[in-house]
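Undergrad: What follows is upload.csv, made up of CSV, C-alpha atoms and all ligand atoms:
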```
chain,number,residue,atom,x,y,z
A,12,MET,CA,5.8,47.0,-71.6
A,13,SER,CA,3.4,44.4,-73.0
A,14,THR,CA,0.7,45.4,-75.5
A,15,ILE,CA,-1.9,44.5,-73.0
A,16,ALA,CA,-0.2,46.7,-70.4
A,17,GLN,CA,-0.2,49.6,-72.9
A,18,HIS,CA,-3.8,49.1,-73.8
A,19,LEU,CA,-4.7,49.1,-70.1
A,20,GLN,CA,-2.8,52.4,-69.6
A,21,ASN,CA,-4.8,53.9,-72.5
A,22,VAL,CA,-8.1,52.8,-71.0
A,23,HIS,CA,-7.2,54.3,-67.7
A,24,ILE,CA,-6.4,57.6,-69.5
A,25,ARG,CA,-9.8,57.4,-71.2
A,26,ILE,CA,-11.5,56.9,-67.8
A,27,ASP,CA,-9.5,59.7,-66.2
A,28,ASN,CA,-10.4,62.1,-69.0
A,29,ALA,CA,-14.1,61.1,-68.9
A,30,ALA,CA,-14.2,61.5,-65.1
A,31,GLY,CA,-12.5,64.9,-65.3
A,32,LYS,CA,-15.1,66.1,-67.8
A,33,ALA,CA,-17.9,64.8,-65.6
A,34,GLY,CA,-16.4,66.4,-62.5
A,35,ARG,CA,-16.0,63.0,-60.9
A,36,ALA,CA,-13.0,61.4,-59.3
A,37,SER,CA,-11.5,58.6,-61.4
A,38,ARG,CA,-11.0,56.4,-58.3
A,39,ASP,CA,-14.8,56.2,-58.2
A,40,ILE,CA,-14.9,54.3,-61.5
A,41,ALA,CA,-13.5,50.8,-61.5
A,42,LEU,CA,-12.3,48.9,-64.5
A,43,LEU,CA,-13.4,45.4,-65.2
A,44,ALA,CA,-11.3,43.7,-67.8
A,45,VAL,CA,-13.5,41.4,-69.9
A,46,SER,CA,-11.4,38.4,-70.8
A,47,LYS,CA,-14.0,36.1,-72.5
A,48,THR,CA,-12.5,34.0,-75.3
A,49,ARG,CA,-9.0,35.1,-74.1
A,50,PRO,CA,-6.4,32.5,-72.9
A,51,ALA,CA,-5.3,32.5,-69.3
A,52,LYS,CA,-1.9,33.9,-70.3
A,53,ASP,CA,-3.6,37.2,-71.4
A,54,VAL,CA,-5.4,37.4,-68.0
A,55,GLU,CA,-2.0,36.9,-66.4
A,56,ALA,CA,-0.4,39.7,-68.5
A,57,ALA,CA,-3.1,42.1,-67.5
A,58,TRP,CA,-2.7,41.0,-63.8
A,59,VAL,CA,1.0,41.6,-64.0
A,60,ALA,CA,0.2,45.1,-65.3
A,61,GLY,CA,-1.9,45.7,-62.2
A,62,GLN,CA,-5.4,44.7,-63.3
A,63,HIS,CA,-7.1,42.6,-60.7
A,64,SER,CA,-10.8,42.4,-61.7
A,65,PHE,CA,-11.9,40.3,-64.6
A,66,GLY,CA,-15.3,39.6,-66.3
A,67,GLU,CA,-16.2,36.4,-68.0
A,68,ASN,CA,-19.3,35.4,-70.0
A,69,TYR,CA,-19.1,31.6,-70.3
A,70,VAL,CA,-19.2,29.6,-67.1
A,71,GLN,CA,-17.1,26.6,-68.0
A,72,GLU,CA,-14.5,28.6,-69.9
A,73,ALA,CA,-14.2,30.9,-66.9
A,74,VAL,CA,-13.9,28.1,-64.3
A,75,ASP,CA,-11.0,26.6,-66.3
A,76,LYS,CA,-9.2,29.9,-66.1
A,77,ILE,CA,-10.0,30.5,-62.5
A,78,ILE,CA,-8.5,27.2,-61.6
A,79,ALA,CA,-5.5,27.6,-63.8
A,80,LEU,CA,-4.7,31.0,-62.3
A,81,LYS,CA,-5.4,30.3,-58.7
A,82,THR,CA,-1.7,30.1,-57.6
A,83,SER,CA,-0.1,32.5,-60.1
A,84,CYS,CA,-2.6,35.3,-59.7
A,85,PRO,CA,-4.1,34.6,-56.2
A,86,ASP,CA,-6.1,37.8,-55.7
A,87,ILE,CA,-8.2,38.1,-58.9
A,88,VAL,CA,-11.8,39.1,-58.4
A,89,TRP,CA,-13.9,37.3,-60.9
A,90,HIS,CA,-17.3,38.6,-62.2
A,91,LEU,CA,-19.8,36.7,-64.3
A,92,ILE,CA,-21.2,39.0,-66.9
A,93,GLY,CA,-22.8,36.5,-69.2
A,94,PRO,CA,-26.3,34.9,-69.0
A,95,LEU,CA,-26.6,32.3,-66.3
A,96,GLN,CA,-28.8,29.1,-66.6
A,97,SER,CA,-29.9,27.3,-63.5
A,98,ASN,CA,-27.8,24.2,-64.2
A,99,LYS,CA,-24.6,26.3,-63.9
A,100,THR,CA,-25.4,28.1,-60.7
A,101,ARG,CA,-23.4,25.7,-58.5
A,102,LEU,CA,-20.2,26.2,-60.4
A,103,VAL,CA,-20.7,29.9,-60.3
A,104,ALA,CA,-21.5,29.9,-56.5
A,105,GLU,CA,-18.3,27.9,-55.9
A,106,HIS,CA,-15.9,29.9,-58.1
A,107,PHE,CA,-17.0,33.5,-58.7
A,108,ASP,CA,-16.9,36.6,-56.5
A,109,TRP,CA,-19.6,38.5,-58.4
A,110,VAL,CA,-22.6,37.7,-60.6
A,111,GLN,CA,-23.8,40.8,-62.6
A,112,THR,CA,-26.5,39.1,-64.6
A,113,VAL,CA,-29.2,38.1,-62.0
A,114,ASP,CA,-32.6,38.7,-63.5
A,115,ARG,CA,-34.9,36.3,-61.6
A,116,LEU,CA,-35.4,35.2,-58.1
A,117,LYS,CA,-35.0,31.5,-58.8
A,118,ILE,CA,-31.4,32.0,-59.9
A,119,ALA,CA,-30.7,34.2,-56.9
A,120,GLN,CA,-32.1,31.5,-54.6
A,121,ARG,CA,-30.0,28.8,-56.1
A,122,LEU,CA,-26.9,30.9,-55.9
A,123,ASN,CA,-27.7,31.6,-52.2
A,124,ASP,CA,-28.3,27.9,-51.4
A,125,GLN,CA,-25.1,26.8,-53.2
A,126,ARG,CA,-22.8,29.5,-51.9
A,127,SER,CA,-20.9,28.2,-48.9
A,128,PRO,CA,-21.5,30.2,-45.8
A,129,HIS,CA,-17.8,29.9,-45.1
A,130,MET,CA,-17.0,31.9,-48.2
A,131,ARG,CA,-17.6,35.7,-48.5
A,132,PRO,CA,-21.1,36.5,-49.7
A,133,LEU,CA,-21.5,36.4,-53.5
A,134,ASN,CA,-21.8,40.0,-54.8
A,135,ILE,CA,-24.8,40.5,-57.0
A,136,CYS,CA,-25.9,43.0,-59.6
A,137,LEU,CA,-29.4,42.9,-61.1
A,138,GLN,CA,-29.4,43.1,-64.9
A,139,VAL,CA,-31.8,45.7,-66.1
A,140,ASN,CA,-33.1,45.9,-69.6
A,141,VAL,CA,-33.5,49.6,-70.1
A,142,SER,CA,-34.1,49.5,-73.8
A,143,GLY,CA,-37.1,47.2,-73.5
A,144,GLU,CA,-35.8,45.0,-76.3
A,145,ALA,CA,-37.6,41.7,-76.1
A,146,SER,CA,-34.5,39.8,-77.2
A,147,LYS,CA,-32.3,41.0,-74.4
A,148,SER,CA,-32.1,39.4,-71.0
A,149,GLY,CA,-32.7,41.6,-67.9
A,150,ILE,CA,-35.7,42.9,-66.0
A,151,SER,CA,-37.7,46.0,-66.3
A,152,PRO,CA,-36.9,48.9,-63.9
A,153,SER,CA,-40.0,48.2,-61.9
A,154,GLU,CA,-39.3,44.5,-61.6
A,155,ALA,CA,-35.7,45.4,-60.4
A,156,GLU,CA,-37.1,47.1,-57.3
A,157,THR,CA,-39.2,44.0,-56.4
A,158,LEU,CA,-36.3,41.6,-57.0
A,159,ALA,CA,-33.9,43.7,-54.9
A,160,ASN,CA,-36.3,43.4,-51.9
A,161,ASP,CA,-36.1,39.6,-52.2
A,162,VAL,CA,-32.4,39.4,-52.9
A,163,VAL,CA,-31.4,41.4,-49.8
A,164,ARG,CA,-33.0,38.7,-47.6
A,165,LEU,CA,-30.7,36.0,-48.9
A,166,PRO,CA,-27.8,35.7,-46.4
A,167,ASN,CA,-25.1,34.3,-48.7
A,168,LEU,CA,-25.6,37.1,-51.3
A,169,CYS,CA,-24.8,40.8,-51.1
A,170,LEU,CA,-26.8,43.1,-53.4
A,171,ARG,CA,-24.2,45.5,-54.8
A,172,GLY,CA,-26.0,47.2,-57.7
A,173,LEU,CA,-27.3,47.2,-61.3
A,174,MET,CA,-25.9,46.2,-64.6
A,175,ALA,CA,-27.1,47.0,-68.1
A,176,ILE,CA,-26.1,46.3,-71.7
A,177,PRO,CA,-27.9,49.1,-73.6
A,178,GLU,CA,-29.3,48.6,-77.0
A,179,ALA,CA,-26.5,49.1,-79.6
A,180,THR,CA,-27.2,52.3,-81.4
A,181,ASP,CA,-25.3,55.0,-83.4
A,182,ASN,CA,-27.6,57.6,-81.9
A,183,SER,CA,-25.7,58.9,-78.8
A,184,GLU,CA,-28.7,60.8,-77.5
A,185,ALA,CA,-30.8,57.6,-77.5
A,186,LEU,CA,-28.0,55.8,-75.7
A,187,ARG,CA,-27.6,58.7,-73.2
A,188,ALA,CA,-31.3,58.5,-72.4
A,189,GLN,CA,-31.0,54.8,-71.6
A,190,LEU,CA,-28.0,55.3,-69.4
A,191,LEU,CA,-29.6,58.2,-67.6
A,192,GLU,CA,-32.7,56.1,-66.9
A,193,LEU,CA,-30.5,53.5,-65.3
A,194,GLN,CA,-28.7,56.1,-63.2
A,195,HIS,CA,-32.1,57.4,-61.9
A,196,LEU,CA,-33.2,53.9,-61.0
A,197,PHE,CA,-29.9,53.3,-59.3
A,198,ASP,CA,-30.1,56.5,-57.3
A,199,ARG,CA,-33.7,55.7,-56.2
A,200,MET,CA,-32.9,52.1,-55.2
A,201,GLN,CA,-29.7,53.1,-53.4
A,202,LYS,CA,-31.8,55.2,-51.0
A,203,LYS,CA,-33.6,52.0,-49.8
A,204,HIS,CA,-30.5,49.7,-50.1
A,205,PRO,CA,-27.4,51.8,-49.2
A,206,GLN,CA,-25.1,48.8,-49.7
A,207,MET,CA,-25.7,49.3,-53.5
A,208,ASP,CA,-22.5,50.9,-54.7
A,209,THR,CA,-22.1,49.6,-58.2
A,210,LEU,CA,-23.6,50.8,-61.4
A,211,SER,CA,-22.1,48.6,-64.1
A,212,MET,CA,-22.4,50.2,-67.6
A,213,GLY,CA,-20.0,51.2,-70.4
A,214,MET,CA,-17.9,49.1,-72.7
A,215,SER,CA,-15.0,49.7,-75.1
A,216,ASN,CA,-17.0,52.0,-77.4
A,217,ASP,CA,-19.1,53.9,-75.0
A,218,LEU,CA,-17.2,54.2,-71.7
A,219,GLU,CA,-17.0,58.0,-71.8
A,220,LEU,CA,-20.7,58.4,-72.1
A,221,ALA,CA,-21.3,55.8,-69.4
A,222,VAL,CA,-18.9,57.7,-67.0
A,223,ALA,CA,-20.8,60.9,-67.8
A,224,CYS,CA,-24.0,59.1,-66.8
A,225,GLY,CA,-22.7,57.9,-63.4
A,226,SER,CA,-21.2,54.5,-64.2
A,227,THR,CA,-19.0,53.2,-61.3
A,228,LEU,CA,-17.8,50.1,-63.2
A,229,VAL,CA,-16.9,49.9,-66.9
A,230,ARG,CA,-16.6,46.5,-68.5
A,231,VAL,CA,-13.9,46.7,-71.2
A,232,GLY,CA,-12.7,43.8,-73.4
A,233,THR,CA,-11.7,44.8,-76.9
A,234,ALA,CA,-9.8,48.0,-75.9
A,235,ILE,CA,-7.6,45.9,-73.6
A,236,PHE,CA,-7.2,42.5,-75.3
A,237,GLY,CA,-7.9,43.4,-79.0
A,238,SER,CA,-10.8,42.3,-81.1
A,239,ARG,CA,-12.2,38.8,-80.5
A,240,ASN,CA,-12.6,36.1,-83.2
A,241,PRO,CA,-16.2,35.5,-83.8
B,1,LIG,C1,-18.1,41.3,-74.2
B,1,LIG,C2,-18.8,42.2,-73.1
B,1,LIG,C3,-18.2,43.4,-72.7
B,1,LIG,C4,-17.0,44.0,-73.3
B,1,LIG,O1,-17.2,44.5,-74.6
B,1,LIG,P1,-16.1,45.2,-75.5
B,1,LIG,O2,-16.9,45.9,-76.5
B,1,LIG,O3,-15.2,44.2,-76.0
B,1,LIG,O4,-15.4,46.2,-74.5
B,1,LIG,C5,-18.9,44.1,-71.7
B,1,LIG,N1,-20.0,43.6,-71.1
B,1,LIG,C6,-20.6,42.5,-71.5
B,1,LIG,C7,-21.8,42.0,-70.8
B,1,LIG,C8,-20.0,41.7,-72.5
B,1,LIG,O5,-20.6,40.6,-72.9
```
Could you show the structure in this file as structure tokens?

TA:
Amino acid sequence: MSTIAQHLQNVHIRIDNAAGKAGRASRDIALLAVSKTRPAKDVEAAWVAGQHSFGENYVQEAVDKIIALKTSCPDIVWHLIGPLQSNKTRLVAEHFDWVQTVDRLKIAQRLNDQRSPHMRPLNICLQVNVSGEASKSGISPSEAETLANDVVRLPNLCLRGLMAIPEATDNSEALRAQLLELQHLFDRMQKKHPQMDTLSMGMSNDLELAVACGSTLVRVGTAIFGSRNP
């Protein structure tokens, strides 16, 4: 078994254990393998081990991998999880399946206009800044509700949920408070938009807590591929 395959198995065990403790079914928590800075061959190794969803942060790097792997790994589902500038929306609309970092209407409109109606609608998560840190991208919880009402009117997009990168902290109670706030916002918005089925939170270091707080999609890089070079 490859190292990547072993790491994947360990992450699945962590998800299963966390789900069990939270009284949830592990099939309700999806794993997104975060392959930023990793070569296409690492993505392929994870794919061979059964991993089919991958997250990327940098548009051009991702598009190179998407094209390189099109024939060898035909059914990969690609998520953009990094910041998106308007001059990159066309590449994203043409190549990705999901964008988790939508935080303004202008970007959503461009993605909608540039997504071919012959392709499946582009799945969208709104990035919410629960910590209120000025430096972080993402919208406030109240802005998320307004943006959702606009995004659902765009025919080439499908609003799927919320994504957050909580403020890094050693204080697990402070982290839990942020994750729970996101869960409550998600529950409230889901009542109005029942197609929202994705709450994207949790990374290598905090996936157990995120699963306890209702995450349906954990984004894991280091625990699968090893630590990244800065
Ligand atoms: C890099 C990254 C991850 C993965 O982080 P790890 O700590 O390596 O698991 C998850 N989400 C986002 C948005 C990232 O940029």

Undergrad: With the cut-off set at 6 Å and counting all atoms listed in the file, tabulate each residue of chain A with an atom at most that distance from an atom of ligand LIG 1 (chain B), showing the nearest atom pair and its distance in Å to one decimal, ordered by chain and increasing number, as a tab-separated table.

TA:
```
residue	atom	partner	partner_atom	distance
A:Val45	CA	B:LIG1	C4	5.5
A:Ile92	CA	B:LIG1	C7	5.0
A:Gly93	CA	B:LIG1	C7	5.8
A:Met214	CA	B:LIG1	O4	4.2
A:Ser215	CA	B:LIG1	O4	3.6
A:Arg230	CA	B:LIG1	C5	4.6
A:Val231	CA	B:LIG1	O4	3.7
A:Gly232	CA	B:LIG1	O3	3.6
A:Thr233	CA	B:LIG1	O3	3.7
```

Undergrad: Enumerate, as a PDB file with C-alpha atoms, in the coordinates of the input, the protein, DNA and RNA residues whose atoms approach (-9.4, 39.2, -60.2) to within 12 Å, taking into account all atoms listed in the file and the coordinate frame of the file.

TA:
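Listing of selection-v8.pdb after writing:
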```pdb
ATOM      1  CA  LEU A  42     -12.300  48.900 -64.500  1.00  0.00           C
ATOM      2  CA  LEU A  43     -13.400  45.400 -65.200  1.00  0.00           C
ATOM      3  CA  ALA A  44     -11.300  43.700 -67.800  1.00  0.00           C
ATOM      4  CA  VAL A  45     -13.500  41.400 -69.900  1.00  0.00           C
ATOM      5  CA  SER A  46     -11.400  38.400 -70.800  1.00  0.00           C
ATOM      6  CA  VAL A  54      -5.400  37.400 -68.000  1.00  0.00           C
ATOM      7  CA  GLU A  55      -2.000  36.900 -66.400  1.00  0.00           C
ATOM      8  CA  ALA A  57      -3.100  42.100 -67.500  1.00  0.00           C
ATOM      9  CA  TRP A  58      -2.700  41.000 -63.800  1.00  0.00           C
ATOM     10  CA  VAL A  59       1.000  41.600 -64.000  1.00  0.00           C
ATOM     11  CA  GLY A  61      -1.900  45.700 -62.200  1.00  0.00           C
ATOM     12  CA  GLN A  62      -5.400  44.700 -63.300  1.00  0.00           C
ATOM     13  CA  HIS A  63      -7.100  42.600 -60.700  1.00  0.00           C
ATOM     14  CA  SER A  64     -10.800  42.400 -61.700  1.00  0.00           C
ATOM     15  CA  PHE A  65     -11.900  40.300 -64.600  1.00  0.00           C
ATOM     16  CA  GLY A  66     -15.300  39.600 -66.300  1.00  0.00           C
ATOM     17  CA  GLU A  67     -16.200  36.400 -68.000  1.00  0.00           C
ATOM     18  CA  ALA A  73     -14.200  30.900 -66.900  1.00  0.00           C
ATOM     19  CA  LYS A  76      -9.200  29.900 -66.100  1.00  0.00           C
ATOM     20  CA  ILE A  77     -10.000  30.500 -62.500  1.00  0.00           C
ATOM     21  CA  LEU A  80      -4.700  31.000 -62.300  1.00  0.00           C
ATOM     22  CA  LYS A  81      -5.400  30.300 -58.700  1.00  0.00           C
ATOM     23  CA  SER A  83      -0.100  32.500 -60.100  1.00  0.00           C
ATOM     24  CA  CYS A  84      -2.600  35.300 -59.700  1.00  0.00           C
ATOM     25  CA  PRO A  85      -4.100  34.600 -56.200  1.00  0.00           C
ATOM     26  CA  ASP A  86      -6.100  37.800 -55.700  1.00  0.00           C
ATOM     27  CA  ILE A  87      -8.200  38.100 -58.900  1.00  0.00           C
ATOM     28  CA  VAL A  88     -11.800  39.100 -58.400  1.00  0.00           C
ATOM     29  CA  TRP A  89     -13.900  37.300 -60.900  1.00  0.00           C
ATOM     30  CA  HIS A  90     -17.300  38.600 -62.200  1.00  0.00           C
ATOM     31  CA  LEU A  91     -19.800  36.700 -64.300  1.00  0.00           C
ATOM     32  CA  HIS A 106     -15.900  29.900 -58.100  1.00  0.00           C
ATOM     33  CA  PHE A 107     -17.000  33.500 -58.700  1.00  0.00           C
ATOM     34  CA  ASP A 108     -16.900  36.600 -56.500  1.00  0.00           C
ATOM     35  CA  TRP A 109     -19.600  38.500 -58.400  1.00  0.00           C
TER      36      TRP A 109
END
```

Undergrad: Which is closer to Asp217 of chain A than all the others in A:Ile135, A:Ile118, A:Ile235, A:Leu186, using all atoms listed in the file?

TA: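 Answer, going by the shortest atom-to-atom distance: A:Leu186.
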
Undergrad: When distances are computed from all atoms listed in the file, which of A:Ala60, A:Ala41, A:Gly237, A:Ala29 shows the smallest separation from Met12 of chain A?

TA: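 Looking at the shortest contact to Met12 of chain A, the residue is A:Ala60.
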
Undergrad: Neighbouring residues of Leu193 of chain A were defined as those with any atom within 10 Å, considering all atoms listed in the file; residues of the same chain fewer than 4 positions away were excluded. Please report them as a ChimeraX atom specification.

TA: /A:139-141,152,173-175,177,187-189,197-199,210-212,224-226

Undergrad: Got time to write the residues from that selection, C-alpha atoms, as a PDB file, keeping the file's coordinate frame?

TA:
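Output saved as again01.pdb:
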```pdb
ATOM      1  CA  VAL A 139     -31.800  45.700 -66.100  1.00  0.00           C
ATOM      2  CA  ASN A 140     -33.100  45.900 -69.600  1.00  0.00           C
ATOM      3  CA  VAL A 141     -33.500  49.600 -70.100  1.00  0.00           C
ATOM      4  CA  PRO A 152     -36.900  48.900 -63.900  1.00  0.00           C
ATOM      5  CA  LEU A 173     -27.300  47.200 -61.300  1.00  0.00           C
ATOM      6  CA  MET A 174     -25.900  46.200 -64.600  1.00  0.00           C
ATOM      7  CA  ALA A 175     -27.100  47.000 -68.100  1.00  0.00           C
ATOM      8  CA  PRO A 177     -27.900  49.100 -73.600  1.00  0.00           C
ATOM      9  CA  ARG A 187     -27.600  58.700 -73.200  1.00  0.00           C
ATOM     10  CA  ALA A 188     -31.300  58.500 -72.400  1.00  0.00           C
ATOM     11  CA  GLN A 189     -31.000  54.800 -71.600  1.00  0.00           C
ATOM     12  CA  PHE A 197     -29.900  53.300 -59.300  1.00  0.00           C
ATOM     13  CA  ASP A 198     -30.100  56.500 -57.300  1.00  0.00           C
ATOM     14  CA  ARG A 199     -33.700  55.700 -56.200  1.00  0.00           C
ATOM     15  CA  LEU A 210     -23.600  50.800 -61.400  1.00  0.00           C
ATOM     16  CA  SER A 211     -22.100  48.600 -64.100  1.00  0.00           C
ATOM     17  CA  MET A 212     -22.400  50.200 -67.600  1.00  0.00           C
ATOM     18  CA  CYS A 224     -24.000  59.100 -66.800  1.00  0.00           C
ATOM     19  CA  GLY A 225     -22.700  57.900 -63.400  1.00  0.00           C
ATOM     20  CA  SER A 226     -21.200  54.500 -64.200  1.00  0.00           C
TER      21      SER A 226
END
```

Undergrad: Take every atom of segment 50-64 of chain A listed in the file, pad by 8 Å on each side, and give me the axis-aligned box centre and edge lengths in Å, one decimal, as AutoDock Vina command-line options.

TA:
```
--center_x -4.9 --center_y 39.1 --center_z -66.8 --size_x 27.8 --size_y 29.2 --size_z 28.2
```

Undergrad: Enter the distance from atom CA of Leu116 of chain A to atom CA of Cys169 of chain A, in Å, rounded to one decimal.

TA: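 Atom-to-atom, atom CA of Leu116 of chain A to atom CA of Cys169 of chain A, that is 13.9 Å.
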
Undergrad: Using all atoms listed in the file for the distances, tell me which of A:Leu191, A:Val110, A:Ala185, A:Leu218 is nearest to Tyr69 of chain A.

TA: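 Under the stated criterion, the closest residue is A:Val110.
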
Undergrad: Need to verify the contact set: Ser153 of chain A, 10 Å, all atoms listed in the file, exclusion of same-chain residues closer than 3 positions in sequence. Can you return it as a VMD selection string?

TA: chain A and resid 139 150 156 to 158 196

Undergrad: Please compute the atom CA of Lys99 of chain A-atom CA of Leu122 of chain A distance, one decimal, in Å.

TA: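 We find that atom CA of Lys99 of chain A and atom CA of Leu122 of chain A lie 9.5 Å from each other.
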
Undergrad: Residues near Leu165 of chain A, anyone? I mean within 10 Å using all atoms listed in the file, not counting same-chain ones fewer than 6 positions away, as a tab-separated table (two decimals) with C-alpha atoms, in the frame of the given file.

TA:
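See part-v7.tsv below for the written result:
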```tsv
chain	number	residue	atom	x	y	z
A	119	ALA	CA	-30.70	34.20	-56.90
A	120	GLN	CA	-32.10	31.50	-54.60
A	122	LEU	CA	-26.90	30.90	-55.90
A	123	ASN	CA	-27.70	31.60	-52.20
A	124	ASP	CA	-28.30	27.90	-51.40
A	132	PRO	CA	-21.10	36.50	-49.70
```

Undergrad: Enter the distance from atom CA of Leu133 of chain A to atom CA of Asn167 of chain A, in Å, rounded to one decimal.

TA: 6.4 Å

Undergrad: When you count only C-alpha atoms, which of these residues is closest to Arg126 of chain A: A:Glu105, A:Glu144, A:Asp114, A:Asp161?

TA: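 Of A:Glu105, A:Glu144, A:Asp114, A:Asp161, the one nearest Arg126 of chain A, counting only C-alpha atoms, is A:Glu105.
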